[in-house]
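Colleague: Okay, here's the structure, questions in a sec.
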Amino acid sequence: MIPSVLPTYNRAPLEFVKGEGAWLTTADGRRFLDLGSGIAVNALGHAHPALVEALTSQAQNLWHVSNLYQIPQQQALADKLVEHTFADTVFFTNSGTEACELAVKMARKYFYDKGQPEKVEIITFDGSFHGRSSAGIAAAGSEKMVKGFGPLLPGFVHLTFGDLDGVTNAISEKTAAILIEPVQGEGGIRPVPDAELKALRSICDEHGLLLILDEVQCGVGRTGKLFAHEWAGITPDIMMVAKGIGGGFPLGAVLATENAASGMTAGTHGSTYGGNPLGCAVGCAVMDHIADEAFLAEVNRKAGLLRQKLEGLVADHPEVFEEVRGAGLMLGLKCAAANADVVKAGYDNELITVPAADNVIRLLPPLTLTDEDIAEAASRLEKTAAQVAAA
Ligand SMILES: *Cc1c(COP(=O)(O)O)cnc(C)c1O
């Protein structure tokens, strides 16, 4: 009999009832160190007092009104994002994949309005992930995600990750945009080198294409800059954001330059819930903490500390771990053993990590993790590695 919850997930037999900082507690009182953050979502950890306050005080006044009216919390969050990024304008969604839908629509509409309606194709890369909507799966194009769900939304050209020559060769009169994650998340924590992001920006400029960055996982302080592309010293035309921006409340956004967004006039796009007062009140509190030099400096310091521990772990357990990769607090351990076994052994040691493609386990801790949490993470990873090695 089919479970009452549609069984599209293989769930671990863990049920958490409370969270605080980087820690999750089960009903039977076990305390887990959370290096997953609900997949890079709980950027300020669990039950951060400022987020609890933002959500509950908003909840006492107004939950929802519709985008037919002014929403001051939405205006405030858009202003903050515009102030701190390349963007001139922002549309709010409830998720990353909805941001992908709009990014694709925006790019196509841009060229349509410029009298180039043939420009509809978007270049993407293998190992990428842009969510589970029809546009998201068509954009990523992996067999695992698209099989059985055709006909797919046309207009995506899939290239090998890192193949810059392939990009130049793939550009035609139909090409509208290049879509890429600055650091692939689901694909196994694969950072795009700065030089490559710079080259993609130049290619877009040279051919009049839009550069769309998917920072749903790597954005909002995760890599130690507010957004990951800042490391490369480039800016996109359109950027997808979600996960960390809501700190656990469902919230996403598309950020764009005035030029890239020029086709999106009244009536061309919408969302019932996107940008609602609850989500935006929380998003403002998240931005107030993370868009701060001192906070980001701490993320970088702690990332250095954690990475150093992980390098030691790899050196001590080559039979379990092959290498450390990633940026900031978006780290991956490429496993020599099966990554699923490592994640499972982690659970035995009250430690949460997240598997990814390419036999990697992801470490995406709350950005607020403490030095003591890092020491505890190292010790639990050590025990986990020893357990896997002994199995
Ligand atoms: C998670 C993710 C998405 C999809 O976000 P949802 O909120 O699950 O729809 C898109 N892109 C990237 C890079 C992601 O990590």
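Residues are referred to by chain and number: the chain letter is A, B, ... according to the order shown in the structure tokens, the number counts from 1 in that chain, and ligands are numbered separately from 1 in the order shown.
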Counting only C-alpha atoms and all ligand atoms, which protein, DNA or RNA residues come within 7 Å of ligand 1, given as a ChimeraX atom specification?
Modeller: /A:95-98,129-132,181,184-186,214-217,242-243
Colleague: Output N, CA and C atoms for every residue in the selection just made, as a PDB file, in the first residue's frame.
Modeller:
ATOM      1  N   SER A  95      10.630  29.170  -3.416  1.00  0.00           N
ATOM      2  CA  SER A  95      11.577  28.063  -3.525  1.00  0.00           C
ATOM      3  C   SER A  95      12.605  28.367  -4.608  1.00  0.00           C
ATOM      4  N   GLY A  96      13.619  27.513  -4.651  1.00  0.00           N
ATOM      5  CA  GLY A  96      14.669  27.671  -5.651  1.00  0.00           C
ATOM      6  C   GLY A  96      14.185  27.366  -7.055  1.00  0.00           C
ATOM      7  N   THR A  97      13.391  26.319  -7.174  1.00  0.00           N
ATOM      8  CA  THR A  97      12.981  25.924  -8.519  1.00  0.00           C
ATOM      9  C   THR A  97      12.022  26.942  -9.127  1.00  0.00           C
ATOM     10  N   GLU A  98      11.245  27.620  -8.295  1.00  0.00           N
ATOM     11  CA  GLU A  98      10.407  28.708  -8.821  1.00  0.00           C
ATOM     12  C   GLU A  98      11.282  29.864  -9.298  1.00  0.00           C
ATOM     13  N   PHE A 129      22.114  21.269 -10.748  1.00  0.00           N
ATOM     14  CA  PHE A 129      20.804  21.041 -10.148  1.00  0.00           C
ATOM     15  C   PHE A 129      20.092  22.369 -10.045  1.00  0.00           C
ATOM     16  N   HIS A 130      18.882  22.421 -10.598  1.00  0.00           N
ATOM     17  CA  HIS A 130      18.129  23.673 -10.565  1.00  0.00           C
ATOM     18  C   HIS A 130      16.708  23.459 -10.059  1.00  0.00           C
ATOM     19  N   GLY A 131      16.503  22.356  -9.337  1.00  0.00           N
ATOM     20  CA  GLY A 131      15.196  22.095  -8.763  1.00  0.00           C
ATOM     21  C   GLY A 131      14.397  21.106  -9.589  1.00  0.00           C
ATOM     22  N   ARG A 132      13.177  20.786  -9.094  1.00  0.00           N
ATOM     23  CA  ARG A 132      12.405  19.683  -9.656  1.00  0.00           C
ATOM     24  C   ARG A 132      11.193  20.117 -10.469  1.00  0.00           C
ATOM     25  N   GLU A 181      25.820  27.087 -11.650  1.00  0.00           N
ATOM     26  CA  GLU A 181      26.021  27.260 -10.206  1.00  0.00           C
ATOM     27  C   GLU A 181      27.503  27.580  -9.982  1.00  0.00           C
ATOM     28  N   GLN A 184      28.766  23.875  -7.593  1.00  0.00           N
ATOM     29  CA  GLN A 184      27.718  22.854  -7.693  1.00  0.00           C
ATOM     30  C   GLN A 184      27.502  22.218  -6.324  1.00  0.00           C
ATOM     31  N   GLY A 185      26.239  22.118  -5.922  1.00  0.00           N
ATOM     32  CA  GLY A 185      25.907  21.508  -4.639  1.00  0.00           C
ATOM     33  C   GLY A 185      25.577  20.042  -4.787  1.00  0.00           C
ATOM     34  N   GLU A 186      24.403  19.755  -5.353  1.00  0.00           N
ATOM     35  CA  GLU A 186      23.963  18.367  -5.537  1.00  0.00           C
ATOM     36  C   GLU A 186      24.973  17.581  -6.362  1.00  0.00           C
ATOM     37  N   ASP A 214      22.980  30.369 -10.554  1.00  0.00           N
ATOM     38  CA  ASP A 214      22.130  29.710  -9.572  1.00  0.00           C
ATOM     39  C   ASP A 214      22.892  29.677  -8.257  1.00  0.00           C
ATOM     40  N   GLU A 215      22.555  30.612  -7.367  1.00  0.00           N
ATOM     41  CA  GLU A 215      23.198  30.666  -6.045  1.00  0.00           C
ATOM     42  C   GLU A 215      22.227  30.201  -4.960  1.00  0.00           C
ATOM     43  N   VAL A 216      21.329  29.304  -5.344  1.00  0.00           N
ATOM     44  CA  VAL A 216      20.347  28.801  -4.379  1.00  0.00           C
ATOM     45  C   VAL A 216      21.049  28.119  -3.205  1.00  0.00           C
ATOM     46  N   GLN A 217      22.099  27.354  -3.498  1.00  0.00           N
ATOM     47  CA  GLN A 217      22.801  26.641  -2.430  1.00  0.00           C
ATOM     48  C   GLN A 217      24.066  27.381  -1.963  1.00  0.00           C
ATOM     49  N   ALA A 242      17.651  31.110  -2.924  1.00  0.00           N
ATOM     50  CA  ALA A 242      16.604  30.507  -2.079  1.00  0.00           C
ATOM     51  C   ALA A 242      17.318  29.957  -0.837  1.00  0.00           C
ATOM     52  N   LYS A 243      16.938  28.765  -0.397  1.00  0.00           N
ATOM     53  CA  LYS A 243      17.561  28.102   0.754  1.00  0.00           C
ATOM     54  C   LYS A 243      17.941  29.083   1.882  1.00  0.00           C
TER      55      LYS A 243
END
Colleague: From a DSSP pass on the backbone, collect the residues of stretch 260-343 of chain A flagged as helix (DSSP H, G or I) and hand them back as a PyMOL selection string.
Modeller: chain A and resi 277-290+293-316+339-343
Colleague: Write out as a list in words the set of residues from stretch 327-387 of chain A that DSSP, computed on the backbone, places in strand (DSSP E or B).
Modeller: Ala327, Met330, Leu331, Gly332, Leu333, Lys334, Cys335, Leu351, Ile352, Val354, Pro355, Ala356, Val360, Ile361, Arg362 and Leu363 of chain A
Colleague: Have a look at A:Pro250, A:Val314, A:Lys144, A:Gly19 and name the one nearest to A:Tyr273; count only C-alpha atoms.
Modeller: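 That would be A:Pro250, the residue with the smallest distance to A:Tyr273.
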Colleague: Counting only C-alpha atoms, what are the residues of stretch 235-259 of chain A within 12 Å of stretch 37-57 of chain A, and for each of them which pair of atoms is the nearest and at what distance in Å, to one decimal? Sort the table by chain and rising number, as JSON lines.
Modeller:
{"residue": "A:Val241", "atom": "CA", "partner": "A:Val41", "partner_atom": "CA", "distance": 11.2}
{"residue": "A:Ala242", "atom": "CA", "partner": "A:Val41", "partner_atom": "CA", "distance": 8.2}
{"residue": "A:Lys243", "atom": "CA", "partner": "A:Val41", "partner_atom": "CA", "distance": 4.4}
{"residue": "A:Gly244", "atom": "CA", "partner": "A:Val41", "partner_atom": "CA", "distance": 4.3}
{"residue": "A:Ile245", "atom": "CA", "partner": "A:Val41", "partner_atom": "CA", "distance": 7.6}
{"residue": "A:Gly246", "atom": "CA", "partner": "A:Val41", "partner_atom": "CA", "distance": 7.3}
{"residue": "A:Gly247", "atom": "CA", "partner": "A:Asn42", "partner_atom": "CA", "distance": 4.5}
{"residue": "A:Gly248", "atom": "CA", "partner": "A:Asn42", "partner_atom": "CA", "distance": 5.2}
{"residue": "A:Phe249", "atom": "CA", "partner": "A:Val41", "partner_atom": "CA", "distance": 8.6}
{"residue": "A:Pro250", "atom": "CA", "partner": "A:Val41", "partner_atom": "CA", "distance": 9.2}
{"residue": "A:Leu251", "atom": "CA", "partner": "A:Val41", "partner_atom": "CA", "distance": 10.0}
{"residue": "A:Gly252", "atom": "CA", "partner": "A:Val41", "partner_atom": "CA", "distance": 11.0}
Colleague: Next, the residues of the selection above should be written as a PDB file, in the first residue's frame with C-alpha atoms.
Modeller:
ATOM      1  CA  VAL A 241      18.522  32.633  -4.621  1.00  0.00           C
ATOM      2  CA  ALA A 242      16.604  30.507  -2.079  1.00  0.00           C
ATOM      3  CA  LYS A 243      17.561  28.102   0.754  1.00  0.00           C
ATOM      4  CA  GLY A 244      19.657  30.282   3.134  1.00  0.00           C
ATOM      5  CA  ILE A 245      17.809  33.529   2.433  1.00  0.00           C
ATOM      6  CA  GLY A 246      14.786  32.308   4.421  1.00  0.00           C
ATOM      7  CA  GLY A 247      16.827  30.680   7.191  1.00  0.00           C
ATOM      8  CA  GLY A 248      14.232  27.880   7.272  1.00  0.00           C
ATOM      9  CA  PHE A 249      11.168  29.784   6.101  1.00  0.00           C
ATOM     10  CA  PRO A 250      10.291  28.933   2.460  1.00  0.00           C
ATOM     11  CA  LEU A 251      11.654  31.905   0.531  1.00  0.00           C
ATOM     12  CA  GLY A 252      13.425  32.390  -2.776  1.00  0.00           C
TER      13      GLY A 252
END
Colleague: As an MDAnalysis selection string, please: the residues near A:Phe125 (cut-off 6 Å, only C-alpha atoms, same-chain neighbours under 6 positions excluded).
Modeller: chainID A and resid 158:161
Colleague: Keeping N, CA and C atoms for every residue in the selection just given, could you write it to a file as an mmCIF file, in the first residue's frame?
Modeller:
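Below is the file that was written, out-v7.cif:
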data_model
loop_
_atom_site.group_PDB
_atom_site.id
_atom_site.type_symbol
_atom_site.label_atom_id
_atom_site.label_comp_id
_atom_site.auth_asym_id
_atom_site.auth_seq_id
_atom_site.Cartn_x
_atom_site.Cartn_y
_atom_site.Cartn_z
ATOM 1 N N HIS A 158 23.059 21.026 -23.038
ATOM 2 C CA HIS A 158 23.823 20.519 -21.898
ATOM 3 C C HIS A 158 25.270 20.263 -22.276
ATOM 4 N N LEU A 159 26.173 20.866 -21.527
ATOM 5 C CA LEU A 159 27.602 20.703 -21.809
ATOM 6 C C LEU A 159 28.302 20.058 -20.620
ATOM 7 N N THR A 160 29.528 19.606 -20.881
ATOM 8 C CA THR A 160 30.337 19.011 -19.821
ATOM 9 C C THR A 160 30.824 20.109 -18.877
ATOM 10 N N PHE A 161 30.717 19.837 -17.589
ATOM 11 C CA PHE A 161 31.179 20.770 -16.560
ATOM 12 C C PHE A 161 32.647 21.115 -16.813
#
Colleague: Just the residues within 7 Å of A:Val299, please, counting only C-alpha atoms, with nothing from its chain fewer than 4 positions along; format it as a list in words.
Modeller: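 The residues that qualify are Gly224, Phe295, Ala303, Gly328 and Leu367 of chain A.
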Colleague: Using Å and a single decimal, report how far atom CA of A:Val342 sits from atom CA of A:Leu14.
Modeller: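 Rounded to one decimal, the two atoms are 16.0 Å apart.
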Colleague: Which residues are close to stretch 4-12 of chain A, i.e. within 12 Å by only C-alpha atoms, leaving aside same-chain residues fewer than 2 positions away? Reply as an MDAnalysis selection string.
Modeller: chainID A and resid 1:2 14:16 132 145 340 343:348 352:354
Colleague: Include N, CA, C and O atoms and write out the residues we just selected as a PDB file, in the first residue's frame.
Modeller:
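again-v1.pdb, freshly written:
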ATOM      1  N   MET A   1       0.842  -1.202   0.000  1.00  0.00           N
ATOM      2  CA  MET A   1       0.000   0.000   0.000  1.00  0.00           C
ATOM      3  C   MET A   1       0.879   1.255   0.000  1.00  0.00           C
ATOM      4  O   MET A   1       1.869   1.311   0.725  1.00  0.00           O
ATOM      5  N   ILE A   2       0.492   2.221  -0.783  1.00  0.00           N
ATOM      6  CA  ILE A   2       1.318   3.440  -0.853  1.00  0.00           C
ATOM      7  C   ILE A   2       1.218   4.209   0.468  1.00  0.00           C
ATOM      8  O   ILE A   2       0.132   4.334   1.040  1.00  0.00           O
ATOM      9  N   LEU A  14      15.035   9.040  11.417  1.00  0.00           N
ATOM     10  CA  LEU A  14      15.365  10.030  12.445  1.00  0.00           C
ATOM     11  C   LEU A  14      14.236  11.041  12.500  1.00  0.00           C
ATOM     12  O   LEU A  14      13.794  11.535  11.460  1.00  0.00           O
ATOM     13  N   GLU A  15      13.800  11.341  13.708  1.00  0.00           N
ATOM     14  CA  GLU A  15      12.703  12.288  13.870  1.00  0.00           C
ATOM     15  C   GLU A  15      13.106  13.324  14.900  1.00  0.00           C
ATOM     16  O   GLU A  15      13.259  13.021  16.075  1.00  0.00           O
ATOM     17  N   PHE A  16      13.290  14.546  14.417  1.00  0.00           N
ATOM     18  CA  PHE A  16      13.748  15.598  15.322  1.00  0.00           C
ATOM     19  C   PHE A  16      12.571  16.407  15.841  1.00  0.00           C
ATOM     20  O   PHE A  16      11.615  16.668  15.109  1.00  0.00           O
ATOM     21  N   ARG A 132      13.177  20.786  -9.094  1.00  0.00           N
ATOM     22  CA  ARG A 132      12.405  19.683  -9.656  1.00  0.00           C
ATOM     23  C   ARG A 132      11.193  20.117 -10.469  1.00  0.00           C
ATOM     24  O   ARG A 132      10.345  19.293 -10.802  1.00  0.00           O
ATOM     25  N   MET A 145      16.805  12.638 -13.227  1.00  0.00           N
ATOM     26  CA  MET A 145      15.735  13.600 -12.962  1.00  0.00           C
ATOM     27  C   MET A 145      14.670  13.657 -14.051  1.00  0.00           C
ATOM     28  O   MET A 145      13.519  13.948 -13.769  1.00  0.00           O
ATOM     29  N   ALA A 340      27.015   6.805   1.078  1.00  0.00           N
ATOM     30  CA  ALA A 340      25.803   6.487   1.846  1.00  0.00           C
ATOM     31  C   ALA A 340      26.172   5.798   3.159  1.00  0.00           C
ATOM     32  O   ALA A 340      25.543   6.043   4.197  1.00  0.00           O
ATOM     33  N   VAL A 343      27.488   8.521   5.569  1.00  0.00           N
ATOM     34  CA  VAL A 343      26.379   9.315   6.136  1.00  0.00           C
ATOM     35  C   VAL A 343      25.680   8.515   7.232  1.00  0.00           C
ATOM     36  O   VAL A 343      25.388   9.037   8.317  1.00  0.00           O
ATOM     37  N   LYS A 344      25.444   7.219   6.955  1.00  0.00           N
ATOM     38  CA  LYS A 344      24.753   6.357   7.908  1.00  0.00           C
ATOM     39  C   LYS A 344      25.578   6.153   9.190  1.00  0.00           C
ATOM     40  O   LYS A 344      25.043   6.231  10.298  1.00  0.00           O
ATOM     41  N   ALA A 345      26.864   5.940   9.028  1.00  0.00           N
ATOM     42  CA  ALA A 345      27.739   5.807  10.200  1.00  0.00           C
ATOM     43  C   ALA A 345      27.752   7.114  10.993  1.00  0.00           C
ATOM     44  O   ALA A 345      27.850   7.109  12.221  1.00  0.00           O
ATOM     45  N   GLY A 346      27.634   8.215  10.306  1.00  0.00           N
ATOM     46  CA  GLY A 346      27.528   9.514  10.976  1.00  0.00           C
ATOM     47  C   GLY A 346      26.326   9.542  11.906  1.00  0.00           C
ATOM     48  O   GLY A 346      26.424   9.993  13.052  1.00  0.00           O
ATOM     49  N   TYR A 347      25.199   9.036  11.438  1.00  0.00           N
ATOM     50  CA  TYR A 347      23.994   8.998  12.282  1.00  0.00           C
ATOM     51  C   TYR A 347      24.266   8.221  13.573  1.00  0.00           C
ATOM     52  O   TYR A 347      23.792   8.601  14.645  1.00  0.00           O
ATOM     53  N   ASP A 348      25.016   7.113  13.459  1.00  0.00           N
ATOM     54  CA  ASP A 348      25.351   6.328  14.660  1.00  0.00           C
ATOM     55  C   ASP A 348      26.142   7.164  15.663  1.00  0.00           C
ATOM     56  O   ASP A 348      26.126   6.881  16.859  1.00  0.00           O
ATOM     57  N   ILE A 352      25.122  14.734  11.519  1.00  0.00           N
ATOM     58  CA  ILE A 352      24.362  14.811  10.274  1.00  0.00           C
ATOM     59  C   ILE A 352      25.201  15.423   9.163  1.00  0.00           C
ATOM     60  O   ILE A 352      25.735  16.537   9.298  1.00  0.00           O
ATOM     61  N   THR A 353      25.360  14.666   8.079  1.00  0.00           N
ATOM     62  CA  THR A 353      25.954  15.176   6.847  1.00  0.00           C
ATOM     63  C   THR A 353      24.978  14.832   5.727  1.00  0.00           C
ATOM     64  O   THR A 353      24.010  14.109   5.947  1.00  0.00           O
ATOM     65  N   VAL A 354      25.243  15.347   4.531  1.00  0.00           N
ATOM     66  CA  VAL A 354      24.296  15.164   3.430  1.00  0.00           C
ATOM     67  C   VAL A 354      25.028  14.572   2.233  1.00  0.00           C
ATOM     68  O   VAL A 354      26.061  15.102   1.813  1.00  0.00           O
TER      69      VAL A 354
END
Colleague: Would you pick out the contacts of A:Ala59 at 10 Å or less, using only C-alpha atoms, so that residues sharing its chain but fewer than 6 positions from it are not included, and give the list as a ChimeraX atom specification?
Modeller: /A:53,277-278,281
Colleague: For A:Glu293, work out the shell of residues within 10 Å, counting only C-alpha atoms and skipping chain neighbours fewer than 3 positions away, then give it as an MDAnalysis selection string.
Modeller: chainID A and resid 224:226 289:290 296:299
Colleague: A:Glu382, A:Asp292, A:Gly275, A:Tyr112: which is nearest A:His64, counting only C-alpha atoms?
Modeller: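 Between A:Glu382, A:Asp292, A:Gly275, A:Tyr112, the residue approaching A:His64 most closely is A:Gly275.
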